[in-house]
>>> print(open('coords21.json').read())   # JSON, C-alpha atoms
[["chain", "number", "residue", "atom", "x", "y", "z"],
["Z", 29, "MET", "CA", 70.15, 57.66, 97.10],
["Z", 30, "LYS", "CA", 72.45, 60.56, 96.37],
["Z", 31, "ASN", "CA", 75.70, 60.56, 98.31],
["Z", 32, "PRO", "CA", 75.57, 63.60, 100.66],
["Z", 33, "TRP", "CA", 79.40, 63.66, 100.85],
["Z", 34, "SER", "CA", 79.99, 63.79, 97.11],
["Z", 35, "ARG", "CA", 81.50, 66.90, 95.54],
["Z", 36, "SER", "CA", 78.90, 69.52, 94.69],
["Z", 37, "ARG", "CA", 79.31, 70.59, 91.08],
["Z", 38, "GLY", "CA", 77.23, 73.69, 91.71],
["Z", 39, "LEU", "CA", 79.53, 74.77, 94.54],
["Z", 40, "VAL", "CA", 82.59, 74.24, 92.35],
["Z", 41, "LEU", "CA", 81.00, 76.29, 89.57],
["Z", 42, "LEU", "CA", 80.00, 79.06, 91.99],
["Z", 43, "THR", "CA", 83.53, 79.18, 93.40],
["Z", 44, "ALA", "CA", 85.04, 79.38, 89.92],
["Z", 45, "LEU", "CA", 82.66, 82.20, 88.94],
["Z", 46, "TYR", "CA", 83.52, 84.11, 92.10],
["Z", 47, "VAL", "CA", 87.27, 83.75, 91.43],
["Z", 48, "LEU", "CA", 86.80, 84.97, 87.86],
["Z", 49, "TRP", "CA", 84.63, 87.88, 89.03],
["Z", 50, "SER", "CA", 87.37, 88.88, 91.46],
["Z", 51, "LEU", "CA", 90.37, 88.45, 89.17],
["Z", 52, "ILE", "CA", 89.10, 89.80, 85.84],
["Z", 53, "PRO", "CA", 89.18, 93.50, 86.94],
["Z", 54, "VAL", "CA", 92.69, 92.97, 88.31],
["Z", 55, "ALA", "CA", 93.80, 91.37, 85.05],
["Z", 56, "ILE", "CA", 92.36, 94.29, 83.07],
["Z", 57, "ALA", "CA", 94.19, 96.81, 85.25],
["Z", 58, "VAL", "CA", 97.45, 94.87, 84.86],
["Z", 59, "ARG", "CA", 96.94, 94.66, 81.08],
["Z", 60, "PHE", "CA", 96.63, 98.42, 80.68],
["Z", 61, "SER", "CA", 99.82, 98.95, 82.67],
["Z", 62, "PHE", "CA", 101.54, 97.60, 79.53],
["Z", 63, "ASN", "CA", 99.57, 99.83, 77.15],
["Z", 64, "ALA", "CA", 101.69, 101.78, 74.68],
["Z", 65, "GLY", "CA", 99.41, 104.84, 74.87],
["Z", 66, "ARG", "CA", 97.98, 106.86, 77.74],
["Z", 67, "SER", "CA", 94.51, 105.41, 77.41],
["Z", 68, "ARG", "CA", 93.22, 103.17, 80.19],
["Z", 69, "SER", "CA", 90.29, 101.93, 78.13],
["Z", 70, "THR", "CA", 91.63, 101.41, 74.59],
["Z", 71, "TRP", "CA", 94.48, 99.00, 73.88],
["Z", 72, "GLN", "CA", 97.17, 100.69, 71.80],
["Z", 73, "GLY", "CA", 99.89, 98.07, 71.74],
["Z", 74, "PHE", "CA", 102.30, 96.46, 74.19],
["Z", 75, "SER", "CA", 104.96, 98.57, 75.91],
["Z", 76, "THR", "CA", 106.84, 98.82, 79.21],
["Z", 77, "ARG", "CA", 107.01, 102.63, 79.05],
["Z", 78, "TRP", "CA", 104.97, 103.00, 82.25],
["Z", 79, "TYR", "CA", 107.48, 100.86, 84.16],
["Z", 80, "VAL", "CA", 110.86, 101.94, 82.75],
["Z", 81, "GLY", "CA", 109.99, 104.65, 80.25],
["Z", 82, "ASP", "CA", 112.02, 107.52, 78.87],
["Z", 83, "PRO", "CA", 113.68, 109.56, 81.69],
["Z", 84, "ALA", "CA", 112.84, 112.78, 79.89],
["Z", 85, "GLU", "CA", 109.15, 111.97, 80.04],
["Z", 86, "ALA", "CA", 109.29, 111.18, 83.80],
["Z", 87, "ALA", "CA", 105.97, 109.34, 83.69],
["Z", 88, "SER", "CA", 107.07, 105.81, 84.57],
["Z", 89, "VAL", "CA", 107.44, 104.09, 87.92],
["Z", 90, "LEU", "CA", 111.21, 104.18, 87.56],
["Z", 91, "TYR", "CA", 111.54, 107.88, 86.72],
["Z", 92, "ASP", "CA", 108.47, 109.56, 88.27],
["Z", 93, "PRO", "CA", 109.68, 110.85, 91.67],
["Z", 94, "SER", "CA", 106.24, 110.67, 93.32],
["Z", 95, "LEU", "CA", 105.74, 107.03, 92.28],
["Z", 96, "ARG", "CA", 109.28, 106.10, 93.25],
["Z", 97, "PHE", "CA", 108.92, 107.76, 96.66],
["Z", 98, "ALA", "CA", 105.64, 105.90, 97.28],
["Z", 99, "LEU", "CA", 107.27, 102.57, 96.41],
["Z", 100, "ASN", "CA", 110.27, 103.27, 98.65],
["Z", 101, "GLN", "CA", 108.06, 104.37, 101.54],
["Z", 102, "SER", "CA", 105.86, 101.29, 101.32],
["Z", 103, "LEU", "CA", 108.83, 98.92, 101.18],
["Z", 104, "LYS", "CA", 110.58, 100.71, 104.04],
["Z", 105, "LEU", "CA", 107.52, 100.58, 106.28],
["Z", 106, "ALA", "CA", 106.81, 96.94, 105.42],
["Z", 107, "LEU", "CA", 110.37, 95.82, 106.15],
["Z", 108, "LEU", "CA", 110.62, 97.77, 109.40],
["Z", 109, "THR", "CA", 107.22, 96.56, 110.57],
["Z", 110, "MET", "CA", 108.09, 92.96, 109.71],
["Z", 111, "LEU", "CA", 111.39, 93.11, 111.61],
["Z", 112, "VAL", "CA", 109.88, 94.73, 114.72],
["Z", 113, "ALA", "CA", 106.32, 93.41, 114.99],
["Z", 114, "THR", "CA", 107.23, 89.74, 114.53],
["Z", 115, "PRO", "CA", 109.68, 89.42, 117.48],
["Z", 116, "ILE", "CA", 107.32, 91.39, 119.72],
["Z", 117, "GLY", "CA", 104.39, 89.20, 118.67],
["Z", 118, "VAL", "CA", 106.40, 86.02, 119.27],
["Z", 119, "ALA", "CA", 107.40, 87.14, 122.77],
["Z", 120, "LEU", "CA", 103.82, 88.18, 123.53],
["Z", 121, "ALA", "CA", 102.44, 84.86, 122.24],
["Z", 122, "ILE", "CA", 104.85, 82.84, 124.39],
["Z", 123, "GLY", "CA", 104.09, 84.99, 127.43],
["Z", 124, "LEU", "CA", 100.33, 84.74, 127.02],
["Z", 125, "ALA", "CA", 100.51, 80.99, 126.39],
["Z", 126, "ARG", "CA", 102.54, 80.42, 129.57],
["Z", 127, "TRP", "CA", 100.67, 82.90, 131.79],
["Z", 128, "ARG", "CA", 98.08, 81.29, 134.03],
["Z", 129, "GLY", "CA", 97.71, 83.92, 136.75],
["Z", 130, "ARG", "CA", 95.09, 86.58, 137.45],
["Z", 131, "GLY", "CA", 94.42, 88.74, 134.44],
["Z", 132, "SER", "CA", 95.63, 86.23, 131.87],
["Z", 133, "LYS", "CA", 92.20, 85.72, 130.29],
["Z", 134, "SER", "CA", 91.49, 89.44, 130.05],
["Z", 135, "SER", "CA", 94.95, 90.03, 128.53],
["Z", 136, "ASN", "CA", 94.30, 87.36, 125.91],
["Z", 137, "PHE", "CA", 90.98, 89.03, 125.11],
["Z", 138, "LEU", "CA", 92.52, 92.50, 124.81],
["Z", 139, "MET", "CA", 95.17, 91.10, 122.50],
["Z", 140, "LEU", "CA", 92.45, 90.41, 119.93],
["Z", 141, "PHE", "CA", 91.11, 93.98, 119.90],
["Z", 142, "PRO", "CA", 93.11, 95.11, 116.82],
["Z", 143, "LEU", "CA", 91.67, 92.14, 114.92],
["Z", 144, "VAL", "CA", 88.02, 92.89, 115.66],
["Z", 145, "THR", "CA", 88.28, 96.69, 115.61],
["Z", 146, "PRO", "CA", 87.37, 98.25, 112.23],
["Z", 147, "GLU", "CA", 90.49, 99.64, 110.64],
["Z", 148, "ILE", "CA", 88.91, 103.07, 110.20],
["Z", 149, "VAL", "CA", 88.44, 103.20, 113.98],
["Z", 150, "MET", "CA", 92.03, 102.10, 114.48],
["Z", 151, "GLY", "CA", 93.24, 104.82, 112.11],
["Z", 152, "VAL", "CA", 91.26, 107.57, 113.84],
["Z", 153, "ALA", "CA", 92.38, 106.37, 117.27],
["Z", 154, "LEU", "CA", 96.04, 106.35, 116.25],
["Z", 155, "PHE", "CA", 95.69, 109.82, 114.73],
["Z", 156, "LEU", "CA", 94.23, 111.18, 117.98],
["Z", 157, "VAL", "CA", 96.88, 109.44, 120.07],
["Z", 158, "PHE", "CA", 99.79, 110.88, 118.07],
["Z", 159, "ASP", "CA", 98.12, 114.29, 117.79],
["Z", 160, "ASN", "CA", 97.15, 114.75, 121.45],
["Z", 161, "LEU", "CA", 98.97, 112.23, 123.66],
["Z", 162, "TYR", "CA", 102.24, 111.22, 122.01],
["Z", 163, "ASP", "CA", 102.81, 114.50, 120.21],
["Z", 164, "PHE", "CA", 106.59, 114.00, 120.42],
["Z", 165, "VAL", "CA", 106.22, 111.35, 117.68],
["Z", 166, "PRO", "CA", 106.11, 113.21, 114.35],
["Z", 167, "PHE", "CA", 103.52, 112.32, 111.76],
["Z", 168, "GLY", "CA", 104.93, 110.56, 108.76],
["Z", 169, "THR", "CA", 107.28, 107.59, 108.75],
["Z", 170, "TRP", "CA", 107.61, 107.13, 112.51],
["Z", 171, "ALA", "CA", 103.90, 107.45, 113.23],
["Z", 172, "GLN", "CA", 103.04, 105.15, 110.31],
["Z", 173, "PHE", "CA", 105.63, 102.63, 111.47],
["Z", 174, "LEU", "CA", 104.27, 102.55, 115.03],
["Z", 175, "GLY", "CA", 100.72, 102.31, 113.72],
["Z", 176, "HIS", "CA", 101.57, 99.36, 111.46],
["Z", 177, "VAL", "CA", 103.36, 97.59, 114.30],
["Z", 178, "THR", "CA", 100.39, 98.10, 116.62],
["Z", 179, "PHE", "CA", 97.99, 96.69, 114.05],
["Z", 180, "SER", "CA", 100.18, 93.72, 113.03],
["Z", 181, "ILE", "CA", 101.20, 92.29, 116.41],
["Z", 182, "SER", "CA", 97.88, 90.52, 116.97],
["Z", 183, "PHE", "CA", 98.24, 88.57, 113.72],
["Z", 184, "VAL", "CA", 101.64, 87.31, 114.83],
["Z", 185, "VAL", "CA", 100.25, 86.28, 118.21],
["Z", 186, "ILE", "CA", 97.44, 84.29, 116.59],
["Z", 187, "ILE", "CA", 99.82, 82.40, 114.29],
["Z", 188, "VAL", "CA", 102.49, 81.69, 116.92],
["Z", 189, "ARG", "CA", 100.03, 80.68, 119.64],
["Z", 190, "ALA", "CA", 98.42, 78.20, 117.30],
["Z", 191, "ARG", "CA", 101.83, 76.63, 116.73],
["Z", 192, "LEU", "CA", 102.57, 76.67, 120.47],
["Z", 193, "PHE", "CA", 99.40, 74.71, 121.23],
["Z", 194, "SER", "CA", 100.43, 72.17, 118.60],
["Z", 195, "ILE", "CA", 103.91, 71.74, 120.08],
["Z", 196, "GLY", "CA", 102.91, 71.58, 123.75],
["Z", 197, "ARG", "CA", 105.45, 71.74, 126.57],
["Z", 198, "ASP", "CA", 106.81, 68.20, 126.35],
["Z", 199, "TYR", "CA", 109.89, 69.11, 124.30],
["Z", 200, "GLU", "CA", 110.88, 71.96, 126.62],
["Z", 201, "GLU", "CA", 110.37, 69.82, 129.72],
["Z", 202, "ALA", "CA", 112.44, 67.01, 128.19],
["Z", 203, "ALA", "CA", 115.26, 69.48, 127.44],
["Z", 204, "MET", "CA", 115.19, 70.81, 131.01],
["Z", 205, "ASP", "CA", 115.17, 67.25, 132.38],
["Z", 206, "LEU", "CA", 118.40, 66.73, 130.42],
["Z", 207, "GLY", "CA", 120.00, 69.74, 132.09],
["Z", 208, "ALA", "CA", 119.04, 72.69, 129.91],
["Z", 209, "SER", "CA", 118.01, 75.93, 131.56],
["Z", 210, "PRO", "CA", 114.62, 77.45, 130.64],
["Z", 211, "GLY", "CA", 116.40, 79.95, 128.40],
["Z", 212, "GLU", "CA", 118.41, 77.26, 126.64],
["Z", 213, "ALA", "CA", 115.31, 75.10, 126.19],
["Z", 214, "MET", "CA", 113.54, 78.01, 124.55],
["Z", 215, "ARG", "CA", 116.49, 78.94, 122.35],
["Z", 216, "ARG", "CA", 117.53, 75.44, 121.28],
["Z", 217, "VAL", "CA", 114.20, 73.61, 121.28],
["Z", 218, "LEU", "CA", 111.15, 75.87, 121.24],
["Z", 219, "LEU", "CA", 112.27, 78.54, 118.75],
["Z", 220, "PRO", "CA", 113.41, 76.00, 116.10],
["Z", 221, "LEU", "CA", 110.05, 74.26, 116.43],
["Z", 222, "LEU", "CA", 108.34, 77.66, 116.04],
["Z", 223, "SER", "CA", 110.28, 78.47, 112.86],
["Z", 224, "PRO", "CA", 107.37, 77.64, 110.47],
["Z", 225, "ALA", "CA", 105.13, 80.04, 112.38],
["Z", 226, "LEU", "CA", 107.88, 82.67, 112.42],
["Z", 227, "LEU", "CA", 108.25, 82.52, 108.63],
["Z", 228, "ALA", "CA", 104.48, 82.71, 108.17],
["Z", 229, "SER", "CA", 104.33, 85.70, 110.53],
["Z", 230, "PHE", "CA", 107.06, 87.55, 108.61],
["Z", 231, "ALA", "CA", 105.18, 87.08, 105.34],
["Z", 232, "ILE", "CA", 101.77, 88.04, 106.75],
["Z", 233, "VAL", "CA", 103.08, 91.17, 108.51],
["Z", 234, "PHE", "CA", 104.90, 92.29, 105.36],
["Z", 235, "ALA", "CA", 101.75, 91.85, 103.26],
["Z", 236, "LEU", "CA", 99.56, 93.63, 105.82],
["Z", 237, "SER", "CA", 101.90, 96.61, 106.06],
["Z", 238, "ILE", "CA", 102.62, 97.13, 102.37],
["Z", 239, "ASP", "CA", 98.90, 96.91, 101.49],
["Z", 240, "ASP", "CA", 97.64, 99.11, 104.33],
["Z", 241, "PHE", "CA", 95.74, 102.24, 103.34],
["Z", 242, "VAL", "CA", 93.70, 103.53, 106.29],
["Z", 243, "ILE", "CA", 96.43, 103.82, 108.92],
["Z", 244, "SER", "CA", 98.95, 105.15, 106.41],
["Z", 245, "GLN", "CA", 96.48, 107.77, 105.17],
["Z", 246, "PHE", "CA", 95.63, 109.07, 108.66],
["Z", 247, "LEU", "CA", 99.29, 109.34, 109.68],
["Z", 248, "VAL", "CA", 100.77, 110.69, 106.44],
["Z", 249, "ALA", "CA", 102.80, 113.90, 106.54],
["Z", 250, "GLY", "CA", 103.77, 115.26, 103.17],
["Z", 251, "ALA", "CA", 104.46, 113.81, 99.75],
["Z", 252, "ASP", "CA", 107.60, 111.97, 100.89],
["Z", 253, "THR", "CA", 105.59, 109.78, 103.31],
["Z", 254, "VAL", "CA", 102.83, 108.77, 100.87],
["Z", 255, "THR", "CA", 102.61, 104.99, 100.43],
["Z", 256, "ILE", "CA", 101.51, 103.10, 97.34],
["Z", 257, "PRO", "CA", 97.87, 102.56, 98.46],
["Z", 258, "VAL", "CA", 97.54, 106.25, 99.40],
["Z", 259, "LYS", "CA", 99.08, 107.29, 96.08],
["Z", 260, "LEU", "CA", 96.71, 105.02, 94.14],
["Z", 261, "TYR", "CA", 93.68, 106.40, 95.99],
["Z", 262, "SER", "CA", 94.62, 110.04, 95.51],
["Z", 263, "GLY", "CA", 95.58, 109.55, 91.88],
["Z", 264, "ALA", "CA", 92.52, 107.51, 90.89],
["Z", 265, "ARG", "CA", 90.20, 110.45, 91.61],
["Z", 266, "LEU", "CA", 91.81, 112.52, 88.84],
["Z", 267, "ALA", "CA", 92.73, 111.41, 85.32],
["Z", 268, "PRO", "CA", 95.62, 109.09, 86.10],
["Z", 269, "PRO", "CA", 98.06, 107.76, 83.49],
["Z", 270, "PRO", "CA", 98.69, 104.01, 83.17],
["Z", 271, "SER", "CA", 101.76, 104.46, 85.35],
["Z", 272, "LEU", "CA", 99.42, 104.11, 88.34],
["Z", 273, "ASN", "CA", 98.35, 100.75, 86.93],
["Z", 274, "ALA", "CA", 102.03, 99.87, 86.69],
["Z", 275, "LEU", "CA", 102.60, 100.91, 90.31],
["Z", 276, "ALA", "CA", 99.63, 98.81, 91.44],
["Z", 277, "THR", "CA", 100.99, 95.87, 89.47],
["Z", 278, "VAL", "CA", 104.38, 96.22, 91.16],
["Z", 279, "LEU", "CA", 102.66, 96.26, 94.55],
["Z", 280, "MET", "CA", 100.63, 93.16, 93.67],
["Z", 281, "VAL", "CA", 103.68, 91.25, 92.41],
["Z", 282, "ILE", "CA", 105.69, 92.09, 95.53],
["Z", 283, "THR", "CA", 102.87, 91.05, 97.86],
["Z", 284, "ILE", "CA", 102.14, 87.80, 96.04],
["Z", 285, "GLY", "CA", 105.84, 87.01, 95.81],
["Z", 286, "VAL", "CA", 106.48, 87.52, 99.51],
["Z", 287, "VAL", "CA", 103.42, 85.50, 100.55],
["Z", 288, "ALA", "CA", 104.35, 82.71, 98.10],
["Z", 289, "LEU", "CA", 107.92, 82.59, 99.40],
["Z", 290, "GLY", "CA", 106.61, 82.55, 102.96],
["Z", 291, "GLY", "CA", 104.28, 79.66, 102.11],
["Z", 292, "LEU", "CA", 107.06, 77.66, 100.44],
["Z", 293, "ALA", "CA", 109.42, 78.31, 103.33],
["Z", 294, "PHE", "CA", 106.65, 77.37, 105.78],
["Z", 295, "LYS", "CA", 106.21, 73.98, 104.10],
["Z", 296, "TRP", "CA", 109.95, 73.34, 103.75],
["Z", 297, "VAL", "CA", 110.81, 74.24, 107.34],
["Z", 298, "GLY", "CA", 107.68, 72.46, 108.59],
["Z", 299, "LYS", "CA", 108.82, 69.21, 107.03],
["Z", 300, "ARG", "CA", 112.28, 69.60, 108.60],
["Z", 301, "VAL", "CA", 110.81, 70.03, 112.08],
["Z", 302, "GLY", "CA", 108.23, 67.30, 111.61],
["Z", 303, "GLN", "CA", 105.07, 69.37, 111.16],
["Z", 304, "ARG", "CA", 102.21, 67.58, 109.40],
["Z", 305, "GLU", "CA", 100.64, 69.32, 106.40],
["Z", 306, "ASP", "CA", 97.26, 69.52, 108.10],
["Z", 307, "SER", "CA", 98.56, 70.63, 111.48],
["Z", 308, "ALA", "CA", 98.26, 74.35, 110.70],
["Z", 309, "LEU", "CA", 94.47, 74.15, 110.39],
["Z", 310, "GLU", "CA", 94.25, 71.89, 113.41],
["Z", 311, "THR", "CA", 96.27, 74.20, 115.63],
["Z", 312, "VAL", "CA", 94.32, 77.29, 114.59],
["Z", 313, "GLY", "CA", 91.13, 75.38, 115.29],
["Z", 314, "ARG", "CA", 92.36, 74.60, 118.79],
["Z", 315, "PHE", "CA", 93.22, 78.23, 119.54],
["Z", 316, "GLU", "CA", 91.78, 79.30, 122.87],
["Z", 317, "ILE", "CA", 91.24, 82.67, 124.50]]
>>> encode(input="coords21.json", output="structure tokens")
Amino acid sequence: MKNPWSRSRGLVLLTALYVLWSLIPVAIAVRFSFNAGRSRSTWQGFSTRWYVGDPAEAASVLYDPSLRFALNQSLKLALLTMLVATPIGVALAIGLARWRGRGSKSSNFLMLFPLVTPEIVMGVALFLVFDNLYDFVPFGTWAQFLGHVTFSISFVVIIVRARLFSIGRDYEEAAMDLGASPGEAMRRVLLPLLSPALLASFAIVFALSIDDFVISQFLVAGADTVTIPVKLYSGARLAPPPSLNALATVLMVITIGVVALGGLAFKWVGKRVGQREDSALETVGRFEI
């Protein structure tokens, strides 16, 4: 009798084919960012001209003002969103996890709305809010920043609450039994134990913000507030040079690098605070509304 728990070779093959199907177009786009000529279909030799080309030509990521502005805008929004959304999400996660009064269940449900709402709906809603209700907030960087923060907070809450359920309240209660105030117990005990989730939240929020297209597109205001995804979309409809491929490659490398660093830091800090390798999946599985 065939072992039902044995590894399925067909599933492994299907997974490998899917990964190849997903990555081959990306690899082709990255390859032509190093093309010596302007063609995006014919290989004409290796060159980095589309990254750091001749200043007089002004067609590389380094010297093209529009590409450089898009890169700066994306990095600025991602860093600001990461630094603001993560602390707010952590505070909200702790508050929702500790709240047991009337309205706690409905608040936990509303917290998930940005996750289940289609991003196109979120973009339209934010556009209408800033256009009609909060018209004192100018479109552009500030509106994009607030939109990214609004969209990202729920992801932080999910990650931090999963870690909170894994930790429990025993450590805080033990610290308070030894004379610590609730604030000291949170600062000296709970927050260090939450550090793996905090690092993961920073990385996820950064990746979400720098890759966002819909919200950034709806709230853009002029060429100086165009982000990389918006620039790629608008340029791809024309006859773009390989410098757009180079810009997309830079975006991909930054995103992968930040997520990889966040994952390594998550594992390293998790080992220092005694988190098991499989506890992340277990805590997310125990997440309750």
>>> closest_residue(input="coords21.json", among="Z:Leu42, Z:Gly123, Z:Ala249, Z:Thr109", to="Pro166 of chain Z", atoms="all atoms listed in the file")
Z:Ala249
>>> closest_residue(input="coords21.json", among="Z:Val112, Z:Ala228, Z:Ala235, Z:Leu221", to="Val281 of chain Z", atoms="only C-alpha atoms")
Z:Ala235
>>> residues_around(input="coords21.json", residues="Leu95 of chain Z", least_positions_apart="2", cutoff="9 Å", atoms="all atoms listed in the file", output="JSON list (two decimals) with C-alpha atoms, in the frame of the given file")
[["chain", "number", "residue", "atom", "x", "y", "z"],
["Z", 87, "ALA", "CA", 105.97, 109.34, 83.69],
["Z", 88, "SER", "CA", 107.07, 105.81, 84.57],
["Z", 89, "VAL", "CA", 107.44, 104.09, 87.92],
["Z", 90, "LEU", "CA", 111.21, 104.18, 87.56],
["Z", 91, "TYR", "CA", 111.54, 107.88, 86.72],
["Z", 92, "ASP", "CA", 108.47, 109.56, 88.27],
["Z", 93, "PRO", "CA", 109.68, 110.85, 91.67],
["Z", 97, "PHE", "CA", 108.92, 107.76, 96.66],
["Z", 98, "ALA", "CA", 105.64, 105.90, 97.28],
["Z", 99, "LEU", "CA", 107.27, 102.57, 96.41],
["Z", 100, "ASN", "CA", 110.27, 103.27, 98.65],
["Z", 255, "THR", "CA", 102.61, 104.99, 100.43],
["Z", 256, "ILE", "CA", 101.51, 103.10, 97.34],
["Z", 259, "LYS", "CA", 99.08, 107.29, 96.08],
["Z", 271, "SER", "CA", 101.76, 104.46, 85.35],
["Z", 272, "LEU", "CA", 99.42, 104.11, 88.34],
["Z", 275, "LEU", "CA", 102.60, 100.91, 90.31]]
>>> residues_near_point(input="coords21.json", point="(101.3, 93.8, 75.3)", cutoff="9 Å", atoms="only C-alpha atoms", output="list in words")
Arg59, Phe60, Phe62, Asn63, Ala64, Trp71, Gln72, Gly73, Phe74, Ser75 and Thr76 of chain Z
>>> atom_distance(input="coords21.json", atom1="atom CA of Ala106 of chain Z", atom2="atom CA of Ser237 of chain Z")
5.0 Å
>>> atom_distance(input="coords21.json", atom1="atom CA of Ile187 of chain Z", atom2="atom CA of Val118 of chain Z")
9.0 Å
>>> atom_distance(input="coords21.json", atom1="atom CA of Thr114 of chain Z", atom2="atom CA of Ala202 of chain Z")
27.0 Å
>>> residues_around(input="coords21.json", residues="Val242 of chain Z", least_positions_apart="6", cutoff="8 Å", atoms="only C-alpha atoms", output="PyMOL selection string")
chain Z and resi 147-148+151
>>> closest_residue(input="coords21.json", among="Z:Ser194, Z:Ser61, Z:Ser182, Z:Ser50", to="Ala276 of chain Z", atoms="only C-alpha atoms")
Z:Ser61
>>> residues_around(input="coords21.json", residues="Tyr199 of chain Z", least_positions_apart="3", cutoff="10 Å", atoms="all atoms listed in the file", output="list of chain:residue names")
Z:Ile195, Z:Gly196, Z:Ala202, Z:Ala203, Z:Met204, Z:Asp205, Z:Ala213, Z:Met214, Z:Val217, Z:Leu218, Z:Leu221
>>> closest_residue(input="coords21.json", among="Z:Ile232, Z:Val248, Z:Ile52, Z:Val185", to="Ile122 of chain Z", atoms="all atoms listed in the file")
Z:Val185
>>> closest_residue(input="coords21.json", among="Z:Val58, Z:Ala231, Z:Ala44, Z:Val278", to="Ser180 of chain Z", atoms="all atoms listed in the file")
Z:Ala231
>>> closest_residue(input="coords21.json", among="Z:Leu247, Z:Leu51, Z:Ala208, Z:Leu140", to="Val157 of chain Z", atoms="only C-alpha atoms")
Z:Leu247
>>> residues_around(input="coords21.json", residues="Pro142 of chain Z", least_positions_apart="4", cutoff="10 Å", atoms="all atoms listed in the file", output="PyMOL selection string")
chain Z and resi 138+146-147+149-150+178-183
>>> write_last_selection(input="coords21.json", atoms="C-alpha atoms", output="tab-separated table (two decimals), keeping the file's coordinate frame")
chain	number	residue	atom	x	y	z
Z	138	LEU	CA	92.52	92.50	124.81
Z	146	PRO	CA	87.37	98.25	112.23
Z	147	GLU	CA	90.49	99.64	110.64
Z	149	VAL	CA	88.44	103.20	113.98
Z	150	MET	CA	92.03	102.10	114.48
Z	178	THR	CA	100.39	98.10	116.62
Z	179	PHE	CA	97.99	96.69	114.05
Z	180	SER	CA	100.18	93.72	113.03
Z	181	ILE	CA	101.20	92.29	116.41
Z	182	SER	CA	97.88	90.52	116.97
Z	183	PHE	CA	98.24	88.57	113.72
>>> residues_near_point(input="coords21.json", point="(107.0, 84.8, 109.9)", cutoff="10 Å", atoms="only C-alpha atoms", output="PyMOL selection string")
chain Z and resi 110-111+114-115+118+184+187-188+222-234+290-291+293-294
>>> decode(input="coords21.json", residues="segment 237-252 of chain Z", atoms="N, CA and C atoms", output="PDB file, in the first residue's frame")
ATOM      1  N   SER Z 237       4.938  49.385   1.542  1.00  0.00           N
ATOM      2  CA  SER Z 237       4.901  50.795   1.142  1.00  0.00           C
ATOM      3  C   SER Z 237       5.689  51.037  -0.137  1.00  0.00           C
ATOM      4  N   ILE Z 238       6.893  50.486  -0.224  1.00  0.00           N
ATOM      5  CA  ILE Z 238       7.730  50.781  -1.391  1.00  0.00           C
ATOM      6  C   ILE Z 238       7.180  50.126  -2.656  1.00  0.00           C
ATOM      7  N   ASP Z 239       6.401  49.044  -2.507  1.00  0.00           N
ATOM      8  CA  ASP Z 239       5.828  48.365  -3.677  1.00  0.00           C
ATOM      9  C   ASP Z 239       4.414  48.833  -4.021  1.00  0.00           C
ATOM     10  N   ASP Z 240       3.843  49.712  -3.215  1.00  0.00           N
ATOM     11  CA  ASP Z 240       2.439  50.087  -3.424  1.00  0.00           C
ATOM     12  C   ASP Z 240       2.271  50.925  -4.692  1.00  0.00           C
ATOM     13  N   PHE Z 241       1.236  50.592  -5.443  1.00  0.00           N
ATOM     14  CA  PHE Z 241       0.929  51.344  -6.666  1.00  0.00           C
ATOM     15  C   PHE Z 241      -0.407  52.075  -6.568  1.00  0.00           C
ATOM     16  N   VAL Z 242      -1.460  51.380  -6.137  1.00  0.00           N
ATOM     17  CA  VAL Z 242      -2.810  51.927  -6.237  1.00  0.00           C
ATOM     18  C   VAL Z 242      -2.964  53.184  -5.391  1.00  0.00           C
ATOM     19  N   ILE Z 243      -2.622  53.102  -4.109  1.00  0.00           N
ATOM     20  CA  ILE Z 243      -2.786  54.254  -3.225  1.00  0.00           C
ATOM     21  C   ILE Z 243      -1.883  55.401  -3.667  1.00  0.00           C
ATOM     22  N   SER Z 244      -0.654  55.091  -4.033  1.00  0.00           N
ATOM     23  CA  SER Z 244       0.266  56.140  -4.489  1.00  0.00           C
ATOM     24  C   SER Z 244      -0.238  56.818  -5.755  1.00  0.00           C
ATOM     25  N   GLN Z 245      -0.834  56.056  -6.661  1.00  0.00           N
ATOM     26  CA  GLN Z 245      -1.332  56.614  -7.911  1.00  0.00           C
ATOM     27  C   GLN Z 245      -2.514  57.541  -7.670  1.00  0.00           C
ATOM     28  N   PHE Z 246      -3.447  57.154  -6.801  1.00  0.00           N
ATOM     29  CA  PHE Z 246      -4.624  57.981  -6.541  1.00  0.00           C
ATOM     30  C   PHE Z 246      -4.263  59.280  -5.820  1.00  0.00           C
ATOM     31  N   LEU Z 247      -3.197  59.277  -5.030  1.00  0.00           N
ATOM     32  CA  LEU Z 247      -2.866  60.436  -4.206  1.00  0.00           C
ATOM     33  C   LEU Z 247      -1.661  61.218  -4.721  1.00  0.00           C
ATOM     34  N   VAL Z 248      -1.216  60.920  -5.939  1.00  0.00           N
ATOM     35  CA  VAL Z 248      -0.056  61.605  -6.498  1.00  0.00           C
ATOM     36  C   VAL Z 248      -0.407  63.057  -6.833  1.00  0.00           C
ATOM     37  N   ALA Z 249       0.603  63.913  -6.803  1.00  0.00           N
ATOM     38  CA  ALA Z 249       0.374  65.331  -7.129  1.00  0.00           C
ATOM     39  C   ALA Z 249       1.625  65.890  -7.783  1.00  0.00           C
ATOM     40  N   GLY Z 250       1.777  65.656  -9.054  1.00  0.00           N
ATOM     41  CA  GLY Z 250       2.925  66.193  -9.763  1.00  0.00           C
ATOM     42  C   GLY Z 250       4.051  65.192  -9.914  1.00  0.00           C
ATOM     43  N   ALA Z 251       5.009  65.548 -10.759  1.00  0.00           N
ATOM     44  CA  ALA Z 251       6.100  64.630 -11.083  1.00  0.00           C
ATOM     45  C   ALA Z 251       7.012  64.371  -9.895  1.00  0.00           C
ATOM     46  N   ASP Z 252       7.091  65.322  -8.938  1.00  0.00           N
ATOM     47  CA  ASP Z 252       8.004  65.129  -7.816  1.00  0.00           C
ATOM     48  C   ASP Z 252       7.441  64.196  -6.751  1.00  0.00           C
TER      49      ASP Z 252
END
